[in-house]
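Chemist: What follows is protein.cif, mmCIF, C-alpha atoms.
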data_model
#
loop_
_atom_site.label_atom_id
_atom_site.label_comp_id
_atom_site.auth_asym_id
_atom_site.auth_seq_id
_atom_site.Cartn_x
_atom_site.Cartn_y
_atom_site.Cartn_z
CA MET T 4 0.00 0.00 0.00
CA HIS T 5 2.70 2.44 1.02
CA SER T 6 4.81 1.29 -1.94
CA THR T 7 1.95 1.90 -4.40
CA PHE T 8 1.20 5.33 -2.93
CA GLY T 9 4.89 6.21 -3.04
CA ARG T 10 5.11 5.33 -6.72
CA PHE T 11 1.92 7.35 -7.41
CA LEU T 12 3.27 10.35 -5.49
CA PHE T 13 6.62 10.14 -7.33
CA VAL T 14 4.91 10.05 -10.74
CA LEU T 15 2.58 12.92 -9.77
CA LEU T 16 5.47 15.11 -8.62
CA ALA T 17 7.56 14.19 -11.66
CA CYS T 18 4.72 15.06 -14.05
CA ALA T 19 4.07 18.33 -12.25
CA GLY T 20 7.75 19.18 -12.41
CA ALA T 21 7.92 18.31 -16.12
CA SER T 22 4.79 20.36 -16.85
CA SER T 23 6.15 23.32 -14.94
CA PHE T 24 9.48 23.09 -16.75
CA THR T 25 7.78 22.87 -20.19
CA GLU T 26 5.57 25.87 -19.56
CA SER T 27 8.45 28.05 -18.43
CA HIS T 28 10.90 26.97 -21.12
CA ALA T 29 10.55 29.40 -24.02
CA THR T 30 12.89 29.62 -26.98
CA ASP T 31 14.49 32.97 -27.77
CA TRP T 32 15.67 34.19 -31.17
CA SER T 33 17.83 37.33 -31.31
CA ILE T 34 17.36 38.91 -34.73
CA PRO T 35 20.12 41.40 -35.61
CA VAL T 36 18.70 44.54 -37.17
CA ALA T 37 21.88 45.00 -39.24
CA GLY T 38 20.87 42.11 -41.50
CA ASN T 39 17.08 42.19 -41.24
CA ALA T 40 15.94 45.83 -41.00
CA PHE T 41 15.11 48.28 -43.79
CA VAL T 42 13.98 51.90 -43.92
CA THR T 43 10.56 51.42 -45.52
CA ALA T 44 9.03 54.87 -45.02
CA PRO T 45 8.83 57.52 -46.20
CA SER T 46 11.08 55.90 -48.86
CA PRO T 47 13.94 53.39 -49.03
CA SER T 48 17.16 54.78 -47.58
CA SER T 49 20.73 53.54 -47.65
CA GLY T 50 21.45 55.33 -44.36
CA GLY T 51 19.35 53.14 -42.12
CA ILE T 52 21.97 50.86 -40.55
CA GLN T 53 24.63 52.52 -38.40
CA ARG T 54 28.29 51.50 -38.41
CA ASN T 55 27.90 49.74 -35.07
CA ASP T 56 25.16 47.48 -36.56
CA THR T 57 22.27 49.28 -34.84
CA ILE T 58 19.31 51.40 -35.90
CA ALA T 59 18.38 54.68 -34.22
CA PRO T 60 14.89 55.95 -35.16
CA ARG T 61 15.14 59.75 -35.00
CA ASP T 62 11.66 60.93 -35.99
CA VAL T 63 8.08 59.74 -36.16
CA GLU T 64 8.00 59.63 -39.98
CA THR T 65 10.92 57.29 -40.58
CA VAL T 66 9.93 53.63 -40.24
CA TYR T 67 12.39 50.78 -39.82
CA SER T 68 10.89 47.41 -40.69
CA VAL T 69 12.37 44.18 -39.35
CA TYR T 70 11.36 40.94 -41.09
CA PHE T 71 11.52 37.32 -39.97
CA HIS T 72 9.81 34.13 -41.12
CA ALA T 73 7.78 31.85 -38.83
CA ASN T 74 7.12 28.30 -39.99
CA ARG T 75 3.72 28.02 -38.26
CA GLU T 76 1.10 29.89 -36.29
CA ALA T 77 2.37 30.91 -32.90
CA GLU T 78 2.17 33.25 -29.95
CA LEU T 79 5.25 35.44 -29.70
CA THR T 80 6.67 37.86 -27.17
CA LEU T 81 8.70 40.66 -28.73
CA SER T 82 11.50 42.58 -27.03
CA LEU T 83 14.21 44.99 -28.11
CA ASN T 84 17.85 44.81 -27.16
CA ALA T 85 18.39 48.55 -26.99
CA ARG T 86 19.70 51.51 -25.05
CA ALA T 87 18.77 55.15 -24.63
CA MET T 88 21.35 57.46 -26.15
CA ARG T 89 20.40 60.10 -23.56
CA GLY T 90 18.15 59.73 -20.54
CA LYS T 91 15.00 57.79 -21.45
CA ALA T 92 13.79 57.03 -24.98
CA ALA T 93 10.41 55.90 -26.27
CA VAL T 94 9.89 53.61 -29.27
CA ALA T 95 6.63 52.87 -31.10
CA THR T 96 6.27 49.38 -32.56
CA ARG T 97 3.54 48.09 -34.87
CA VAL T 98 2.87 44.52 -36.02
CA ALA T 99 -0.18 44.24 -38.30
CA ASP T 100 -2.94 45.89 -36.21
CA ASP T 101 -1.12 45.71 -32.89
CA ASP T 102 0.55 48.87 -31.56
CA PHE T 103 3.01 49.09 -28.67
CA ARG T 104 4.94 51.81 -26.91
CA THR T 105 8.18 50.83 -25.19
CA LEU T 106 10.24 52.88 -22.76
CA ILE T 107 13.98 52.40 -23.31
CA GLU T 108 16.12 53.18 -20.27
CA GLY T 109 19.83 53.03 -19.53
CA ALA T 110 23.01 53.78 -21.46
CA ASP T 111 23.87 50.08 -21.92
CA ILE T 112 22.23 47.65 -24.32
CA LYS T 113 19.69 45.51 -22.47
CA GLN T 114 16.39 43.78 -23.17
CA HIS T 115 13.14 45.77 -23.07
CA GLU T 116 9.86 43.90 -23.57
CA VAL T 117 7.54 45.23 -26.29
CA GLY T 118 4.50 42.97 -26.04
CA ARG T 119 2.81 39.81 -27.25
CA ILE T 120 1.47 39.08 -30.73
CA GLU T 121 -0.25 36.17 -32.45
CA VAL T 122 0.90 34.88 -35.83
CA ALA T 123 -2.10 33.33 -37.58
CA GLU T 124 -0.21 31.32 -40.20
CA ALA T 125 3.23 30.47 -41.54
CA GLY T 126 4.98 33.28 -43.38
CA TYR T 127 6.88 36.48 -42.90
CA VAL T 128 6.23 38.81 -39.96
CA ARG T 129 6.94 42.53 -40.35
CA VAL T 130 7.75 44.59 -37.26
CA ASP T 131 7.68 48.37 -37.81
CA ILE T 132 9.71 50.53 -35.44
CA ARG T 133 9.85 54.32 -35.20
CA GLN T 134 10.35 57.08 -32.65
CA ALA T 135 7.29 57.25 -30.39
CA ASP T 136 6.79 61.03 -30.54
CA PRO T 137 8.66 64.10 -31.80
CA ASP T 138 9.97 65.01 -28.36
CA ALA T 139 11.22 61.54 -27.43
CA GLU T 140 14.91 60.88 -26.91
CA ILE T 141 16.65 58.58 -29.39
CA ALA T 142 16.98 54.85 -28.80
CA GLU T 143 19.72 52.71 -30.31
CA ILE T 144 18.46 49.21 -31.15
CA ARG T 145 20.72 46.24 -31.85
CA GLU T 146 18.34 43.27 -31.96
CA LEU T 147 14.69 42.29 -32.07
CA VAL T 148 14.22 39.41 -29.62
CA VAL T 149 11.42 36.92 -30.29
CA SER T 150 10.40 34.50 -27.55
CA SER T 151 7.86 31.69 -27.77
CA ASP T 152 7.01 28.34 -26.21
CA THR T 153 5.08 27.21 -29.32
CA GLU T 154 6.16 23.65 -29.99
CA GLY T 155 8.01 23.09 -33.27
CA LEU T 156 8.37 26.78 -34.05
CA ASN T 157 11.33 27.77 -36.21
CA LEU T 158 12.26 31.26 -37.35
CA ALA T 159 14.27 32.13 -40.46
CA TYR T 160 16.23 35.36 -40.72
CA VAL T 161 19.76 36.61 -41.44
CA ARG T 162 21.55 35.19 -38.43
CA ASP T 163 25.00 36.83 -38.41
CA ASN T 164 27.52 38.68 -40.54
CA GLU T 165 29.72 35.72 -41.40
CA GLY T 166 30.92 36.16 -44.97
CA GLY T 167 29.36 39.63 -45.09
CA MET T 168 25.87 38.16 -44.83
CA PHE T 169 24.30 41.32 -43.40
CA HIS T 170 24.99 42.93 -46.79
CA TRP T 171 24.00 39.92 -48.89
CA GLY T 172 20.99 39.15 -46.72
CA ARG T 173 19.57 42.65 -47.05
CA ARG T 174 20.12 42.47 -50.83
CA GLY T 175 18.00 39.33 -50.87
CA PRO T 176 18.31 35.92 -52.54
CA SER T 177 19.43 35.66 -56.17
CA VAL T 178 17.67 33.04 -58.30
CA HIS T 179 18.78 31.29 -61.48
CA LEU T 180 17.46 29.19 -64.35
CA ARG T 181 19.91 26.90 -66.14
CA TYR T 182 18.51 25.96 -69.52
CA GLN T 183 18.57 22.47 -70.94
CA VAL T 184 20.32 22.57 -74.32
CA PRO T 185 20.73 19.81 -76.91
CA GLU T 186 23.49 17.33 -76.13
CA GLY T 187 26.33 16.76 -78.52
CA ARG T 188 25.93 20.11 -80.30
CA GLN T 189 28.46 22.91 -80.51
CA LEU T 190 26.50 26.10 -79.82
CA ARG T 191 27.12 29.55 -81.22
CA HIS T 192 24.18 31.78 -80.17
CA ALA T 193 21.89 32.26 -77.16
CA TYR T 194 18.53 34.01 -77.62
CA SER T 195 15.91 34.92 -75.02
CA GLU T 196 13.18 37.44 -74.26
CA ILE T 197 12.31 39.18 -70.99
CA THR T 198 9.09 40.86 -69.93
CA VAL T 199 9.06 42.60 -66.55
CA PRO T 200 5.47 43.12 -65.29
CA GLU T 201 4.50 46.65 -64.35
CA GLY T 202 5.31 47.38 -60.72
CA GLU T 203 7.91 44.59 -60.51
CA ASP T 204 10.93 46.71 -61.43
CA PRO T 205 12.25 48.41 -58.26
CA ILE T 206 15.62 50.13 -58.09
CA GLY T 207 18.47 47.68 -57.70
CA SER T 208 17.02 45.00 -59.99
CA TYR T 209 19.12 43.10 -62.52
CA PHE T 210 17.14 40.92 -64.91
CA MET T 211 19.89 38.86 -66.52
CA ALA T 212 18.81 37.29 -69.81
CA ASN T 213 21.79 35.56 -71.42
CA GLY T 214 24.31 34.14 -69.00
CA PHE T 215 27.17 31.97 -70.21
CA GLY T 216 30.30 30.42 -68.76
CA GLU T 217 32.34 33.61 -69.02
CA GLY T 218 29.87 36.47 -68.54
CA TYR T 219 26.34 37.82 -68.51
CA PHE T 220 23.93 40.15 -70.37
CA GLY T 221 20.67 41.77 -69.22
CA ILE T 222 18.85 44.88 -68.02
CA GLN T 223 19.14 46.91 -64.81
CA VAL T 224 17.26 49.53 -62.81
CA ASN T 225 19.99 51.84 -61.50
CA SER T 226 17.96 54.78 -60.16
CA GLU T 227 14.66 56.58 -60.56
CA GLU T 228 16.10 58.28 -63.63
CA GLU T 229 18.45 55.70 -65.14
CA ARG T 230 18.17 52.20 -66.58
CA ARG T 231 20.87 50.22 -68.36
CA ILE T 232 21.54 47.37 -70.74
CA LEU T 233 24.57 45.63 -69.21
CA PHE T 234 26.96 43.16 -70.87
CA SER T 235 30.11 41.92 -69.11
CA VAL T 236 32.80 39.29 -69.69
CA TRP T 237 35.14 38.01 -66.97
CA SER T 238 38.90 37.95 -67.45
CA PRO T 239 40.54 34.51 -67.20
CA TYR T 240 42.78 36.03 -64.51
CA LYS T 241 41.18 35.51 -61.10
CA THR T 242 41.02 38.74 -59.08
CA ASP T 243 38.50 41.18 -57.68
CA ASN T 244 40.66 44.15 -58.72
CA PRO T 245 40.70 44.81 -62.48
CA HIS T 246 43.94 46.78 -62.16
CA ASP T 247 45.73 43.57 -61.12
CA ILE T 248 44.96 41.82 -64.43
CA PRO T 249 48.11 41.31 -66.56
CA LYS T 250 47.92 43.02 -69.92
CA ASP T 251 47.87 39.75 -71.87
CA GLN T 252 44.83 38.51 -69.88
CA ARG T 253 42.65 41.60 -70.13
CA ILE T 254 39.37 41.69 -72.02
CA ALA T 255 39.83 43.52 -75.33
CA VAL T 256 37.07 45.65 -76.86
CA LEU T 257 36.52 44.88 -80.55
CA GLY T 258 33.47 47.07 -81.09
CA SER T 259 30.50 48.77 -79.42
CA GLY T 260 27.26 50.47 -80.32
CA PRO T 261 26.59 54.21 -80.28
CA GLN T 262 26.59 55.76 -76.76
CA VAL T 263 27.67 52.48 -75.16
CA HIS T 264 29.99 52.99 -72.19
CA ILE T 265 33.02 50.69 -72.06
CA GLY T 266 34.88 50.08 -68.83
CA GLU T 267 35.94 47.50 -66.26
CA PHE T 268 34.33 45.86 -63.26
CA GLY T 269 35.58 44.20 -60.08
CA ASN T 270 34.55 42.84 -56.65
CA GLU T 271 32.97 39.70 -58.15
CA GLY T 272 35.84 38.62 -60.32
CA SER T 273 37.01 41.24 -62.81
CA GLY T 274 36.79 41.89 -66.51
CA GLY T 275 35.37 44.03 -69.27
CA GLN T 276 32.05 45.79 -68.87
CA SER T 277 29.75 47.63 -71.26
CA TYR T 278 26.44 49.32 -70.74
CA LEU T 279 23.96 51.42 -72.65
CA VAL T 280 21.77 53.89 -70.77
CA TYR T 281 18.36 53.02 -72.23
CA PRO T 282 14.84 53.76 -70.95
CA TRP T 283 13.47 50.24 -71.08
CA ARG T 284 9.98 49.89 -69.60
CA ALA T 285 8.05 47.36 -67.58
CA GLY T 286 5.30 45.69 -69.58
CA VAL T 287 7.37 45.64 -72.79
CA THR T 288 9.08 42.53 -74.18
CA TYR T 289 12.78 42.87 -75.02
CA ARG T 290 14.99 40.41 -76.84
CA PHE T 291 18.64 39.46 -76.26
CA LEU T 292 21.13 37.76 -78.58
CA THR T 293 24.64 36.65 -77.62
CA GLU T 294 27.26 35.15 -79.91
CA VAL T 295 30.22 33.09 -78.64
CA LYS T 296 32.83 32.33 -81.30
CA PRO T 297 36.44 31.11 -81.01
CA ASP T 298 38.80 33.21 -83.14
CA GLY T 299 41.10 30.29 -84.00
CA LYS T 300 44.04 31.96 -82.22
CA GLY T 301 43.42 30.84 -78.66
CA SER T 302 40.85 33.50 -77.78
CA THR T 303 37.06 33.73 -77.94
CA VAL T 304 34.91 36.62 -79.13
CA TYR T 305 31.67 37.47 -77.28
CA THR T 306 29.13 39.82 -78.90
CA SER T 307 25.70 40.84 -77.63
CA TRP T 308 22.75 42.65 -79.21
CA PHE T 309 19.56 44.00 -77.63
CA GLY T 310 16.23 45.23 -78.95
CA ASP T 311 12.55 45.95 -78.49
CA GLN T 312 10.88 42.77 -79.71
CA SER T 313 7.85 44.56 -81.16
CA ALA T 314 10.05 47.07 -83.04
CA ASP T 315 12.10 44.30 -84.64
CA GLU T 316 15.30 46.21 -83.81
CA TRP T 317 18.82 45.09 -82.94
CA LEU T 318 21.24 47.39 -81.13
CA LEU T 319 24.87 46.35 -80.75
CA ILE T 320 26.01 46.58 -77.14
CA ALA T 321 29.60 45.38 -77.44
CA SER T 322 32.02 42.80 -78.79
CA PHE T 323 34.79 41.55 -76.48
CA ARG T 324 37.74 39.23 -77.00
CA ARG T 325 38.69 37.00 -74.07
CA PRO T 326 42.25 35.66 -74.18
CA GLU T 327 43.33 32.16 -73.19
CA THR T 328 39.85 30.91 -74.04
CA ASP T 329 38.82 28.52 -76.81
CA THR T 330 35.15 27.70 -76.40
CA ASN T 331 31.70 27.82 -77.90
CA LEU T 332 28.58 28.82 -75.96
CA ARG T 333 28.33 26.91 -72.68
CA GLY T 334 26.46 27.20 -69.39
CA PHE T 335 23.46 29.05 -70.85
CA HIS T 336 21.35 30.48 -68.00
CA SER T 337 19.38 33.46 -66.70
CA PHE T 338 19.17 34.99 -63.25
CA LEU T 339 17.38 37.65 -61.20
CA GLU T 340 19.06 39.62 -58.44
CA SER T 341 18.76 42.66 -56.23
CA PHE T 342 22.01 44.62 -56.01
CA SER T 343 20.77 47.34 -53.64
CA PRO T 344 20.54 46.36 -49.93
CA SER T 345 18.24 49.30 -49.16
CA HIS T 346 15.73 48.01 -51.75
CA GLY T 347 16.03 44.34 -50.80
CA TYR T 348 12.63 44.31 -49.09
CA ILE T 349 10.80 45.18 -52.34
CA GLY T 350 9.69 42.35 -54.62
CA ARG T 351 10.62 41.92 -58.27
CA ARG T 352 9.60 39.44 -60.96
CA ALA T 353 10.15 38.74 -64.65
CA ALA T 354 9.01 36.35 -67.38
CA TYR T 355 11.80 34.68 -69.37
CA GLY T 356 10.32 33.47 -72.64
CA ASN T 357 11.02 32.19 -76.14
CA VAL T 358 14.42 30.80 -75.15
CA TRP T 359 16.58 29.31 -77.93
CA VAL T 360 20.13 28.32 -78.84
CA ARG T 361 21.65 28.13 -82.32
CA ASP T 362 24.41 25.66 -83.15
CA VAL T 363 27.53 26.25 -85.21
CA GLU T 364 25.82 24.75 -88.27
CA GLY T 365 22.99 27.31 -88.11
CA ALA T 366 20.20 25.15 -86.66
CA TRP T 367 17.96 26.57 -83.92
CA HIS T 368 17.02 24.49 -80.85
CA GLU T 369 14.25 25.47 -78.46
CA CYS T 370 14.91 25.46 -74.70
CA THR T 371 11.70 24.43 -72.97
CA GLN T 372 13.20 23.08 -69.74
CA ALA T 373 15.21 24.85 -67.04
CA ARG T 374 16.61 23.89 -63.65
CA PHE T 375 15.99 26.31 -60.78
CA SER T 376 18.59 27.31 -58.17
CA VAL T 377 19.23 29.97 -55.53
CA ASP T 378 22.35 31.51 -53.99
CA ALA T 379 23.69 30.96 -50.47
CA THR T 380 21.32 33.54 -48.98
CA GLY T 381 18.36 31.36 -49.93
CA GLY T 382 20.19 28.04 -49.78
CA GLY T 383 21.22 28.79 -46.20
CA ARG T 384 17.58 29.67 -45.37
CA GLN T 385 18.49 33.18 -44.29
CA ARG T 386 15.93 34.56 -46.77
CA LEU T 387 13.02 32.43 -48.00
CA ASP T 388 11.37 34.92 -50.38
CA PHE T 389 12.40 33.36 -53.68
CA ALA T 390 10.53 31.34 -56.29
CA GLY T 391 10.51 30.26 -59.91
CA GLY T 392 8.39 28.25 -62.29
CA ALA T 393 6.79 28.05 -65.71
CA GLU T 394 3.58 29.76 -66.79
CA GLY T 395 2.40 29.13 -70.34
CA THR T 396 5.20 29.81 -72.81
CA SER T 397 7.52 31.49 -70.30
CA PHE T 398 9.58 30.67 -67.27
CA TYR T 399 9.42 33.11 -64.39
CA MET T 400 11.55 34.09 -61.42
CA ARG T 401 10.77 36.31 -58.46
CA ASN T 402 12.67 37.36 -55.35
CA CYS T 403 12.57 39.72 -52.37
CA GLY T 404 9.37 41.28 -51.05
CA PHE T 405 9.08 38.78 -48.15
CA PHE T 406 6.24 36.87 -49.82
CA ALA T 407 4.97 33.57 -48.42
CA GLU T 408 5.99 31.25 -51.26
CA THR T 409 9.41 29.59 -51.23
CA GLY T 410 10.84 27.85 -54.29
CA ARG T 411 12.53 24.45 -54.36
CA PRO T 412 16.15 24.58 -55.54
CA GLY T 413 16.91 21.78 -57.98
CA GLU T 414 13.39 21.67 -59.41
CA THR T 415 13.05 21.48 -63.21
CA PHE T 416 10.40 23.53 -64.99
CA THR T 417 8.90 22.95 -68.44
CA ARG T 418 7.33 25.79 -70.41
CA GLU T 419 5.03 25.48 -73.42
CA SER T 420 6.66 25.47 -76.83
CA THR T 421 7.06 28.64 -78.90
CA ALA T 422 8.16 26.81 -82.06
CA ASP T 423 6.08 29.20 -84.18
CA ALA T 424 8.11 32.13 -82.78
CA ARG T 425 11.57 30.80 -83.63
CA PRO T 426 14.02 33.70 -84.03
CA ASP T 427 14.30 34.98 -87.59
CA ILE T 428 17.59 36.87 -87.65
CA GLU T 429 19.67 38.06 -90.58
CA PHE T 430 23.05 37.60 -88.96
CA GLU T 431 24.93 39.23 -91.84
CA SER T 432 22.94 42.45 -91.24
CA LEU T 433 23.58 42.71 -87.49
CA PRO T 434 25.59 45.80 -86.49
CA ARG T 435 29.18 44.91 -85.59
CA GLY T 436 30.61 48.27 -84.57
#
Rewrite the structure of this file - the entire thing - as C-alpha cells.

Modeler:
Amino acid sequence: MHSTFGRFLFVLLACAGASSFTESHATDWSIPVAGNAFVTAPSPSSGGIQRNDTIAPRDVETVYSVYFHANREAELTLSLNARAMRGKAAVATRVADDDFRTLIEGADIKQHEVGRIEVAEAGYVRVDIRQADPDAEIAEIRELVVSSDTEGLNLAYVRDNEGGMFHWGRRGPSVHLRYQVPEGRQLRHAYSEITVPEGEDPIGSYFMANGFGEGYFGIQVNSEEERRILFSVWSPYKTDNPHDIPKDQRIAVLGSGPQVHIGEFGNEGSGGQSYLVYPWRAGVTYRFLTEVKPDGKGSTVYTSWFGDQSADEWLLIASFRRPETDTNLRGFHSFLESFSPSHGYIGRRAAYGNVWVRDVEGAWHECTQARFSVDATGGGRQRLDFAGGAEGTSFYMRNCGFFAETGRPGETFTRESTADARPDIEFESLPRG
C-alpha cells in the first residue's frame, strides 16, 4: 500500500515538475537589425543601418521594418535589445494591427519587452519601429528578440555577418534558371526574351537574360532616372581588382554600339564591362542575342545585341575578345538579383520566354526546360522569399518582397513550346561596330 502510494506520489510530482518546466521553457531568437531591418518609409534609404550594426529611429516619420519568417502559427513575445542614447527614450512598434509603446532606459544595451502578438499562419512577420513622438529621446536598437514556447516553431532570418551576410541578406536571394540545351551540339548563339510586369521593377534589380560560362547580359534599374543594358565578360585572370589583371589577360574591346559605355568591373571577379543607358519599360518585351565564337588563335569573341521585340530592332552593345579561351557557348542560364541592400525588401519578378540556342551549323534548338537554383542567402535559409516556375510559354523568377511562397532549388520547370516564334535573324545584317 505504502509502496503503491509512493510510486503514485513520485509520478505525480515528476509530471508536475515536467509540466512546470515545459511551460516556463521558451525559446528565444535574437534577430540582428543590421541584416534584417530596412527603412521602408517615407522611402527606401541607404542610411538606415549605423556602423555599429544598430538602428536609431530619430523621428516619427521614418519607419524601420524588421522581417523574420515563422514556420507556423504561434504566440510570440517581442522585445528589443536597446539603449537610450540620452536619458529615457520611447519607441513605437507596430505589427499588423497591434501597436506598442516601449520605454527604453539606460546607457547600456539591455532587453526591453515590447509585447505579445499572435501569428495566424506560416509566413513572414513585419515589425515596424519608429520614434514614439517628436519630443522623445533617441533609442539605439541592436536586436529584435522573439520569444515563444510554441512547440516546433522555427524562425528564419539573417543570423549573423559571417561572410558579409548582413549585406547579402539585405540584398535578398538571387535566383537562377539553367537551360537544358541539346546534347552533342556545338552552340554559337543564345537568344531569349524578358518581360518585366508593371510594378515589378524596383531600383536595384538586374534581370539577366543571357548568362554563359564567361559572362552575362541583361537589363538593370539603377535609379529613378536611369536604366541600363549591361553586358560583361570576366577575365581569365582571377582577381576582384581589375587593375591587377596582366595586360595579356585583359578583355579587349573589338566594337561597341553608339553611346555604349566601355569600362571594367571588379569585386565579383574582374573583366570588361559595357552598358547602354536606355529607358526600357516594364510591360514591354525585349529580346537578347549573344554570340560566342572562337577566333582560331586561342581567344574567344563574345558579342551581344539587344532590342525591343515589337520594333524588330537590334542594337549592338559590345564585342569583347577574351584571351586564353577557346570555347563555344556553354552554361546558358538566366538569373534575377537585387544589387541594392536598401531596396532588398521590395519584390521583383520577370518572365523569361522564347528561349533558344543556335548551333555552329545554323540550326535553332528550343529550350523548354530549365533547372531552378538559388544563392547561399536562400540556400542557407536566411531569406526564404524566392521562387521560380513556368507559366504558359515562359519561365518566371521572383525574389525579395518577403512573400509567403518559397521555391525548391533543384526543381526542373517545363514551359510550353514557342516553335512558331523561332528567331528569324539576318546575322549578316547585325551591327558589328

Chemist: Do a neighbour search on range 86-90 of chain T at 8 Å with only C-alpha atoms, toss out local chain neighbours closer than 3 positions, and write the hits as a list in words.

Modeler: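 Listing them by chain and then by number gives Ile107, Glu108, Gly109, Ala110, Asp111, Ile112, Lys113, Glu140, Ile141, Ala142, Glu143 and Ile144 of chain T.
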
Chemist: Which residue gives the smallest distance to Val295 in chain T among T:Ser277, T:Asn213, T:Gln262, T:Asn164, with all atoms listed in the file counted?

Modeler: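 For Val295 in chain T, the nearest of the given residues is T:Asn213.
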
Chemist: Quick one, how far is CA of Glu64 in chain T from CA of Pro137 in chain T?

Modeler: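 Answer for the CA of Glu64 in chain T to CA of Pro137 in chain T separation: 9.3 Å.
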
Chemist: List the residues selected by the PyMOL selection byres ((chain T and resi 148) around 8) in the file shown, writing them as a list in words.

Modeler: Asp31, Trp32, Ser33, Ile34, Leu81, Ser82, Leu83, Asn84, Glu146, Leu147, Val149 and Ser150 of chain T

Chemist: Kindly give the distance, in Å, that separates CA of Leu387 in chain T and CA of Tyr348 in chain T, rounded to a single decimal.

Modeler: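 So the two atoms, CA of Leu387 in chain T and CA of Tyr348 in chain T, lie 11.9 Å apart.
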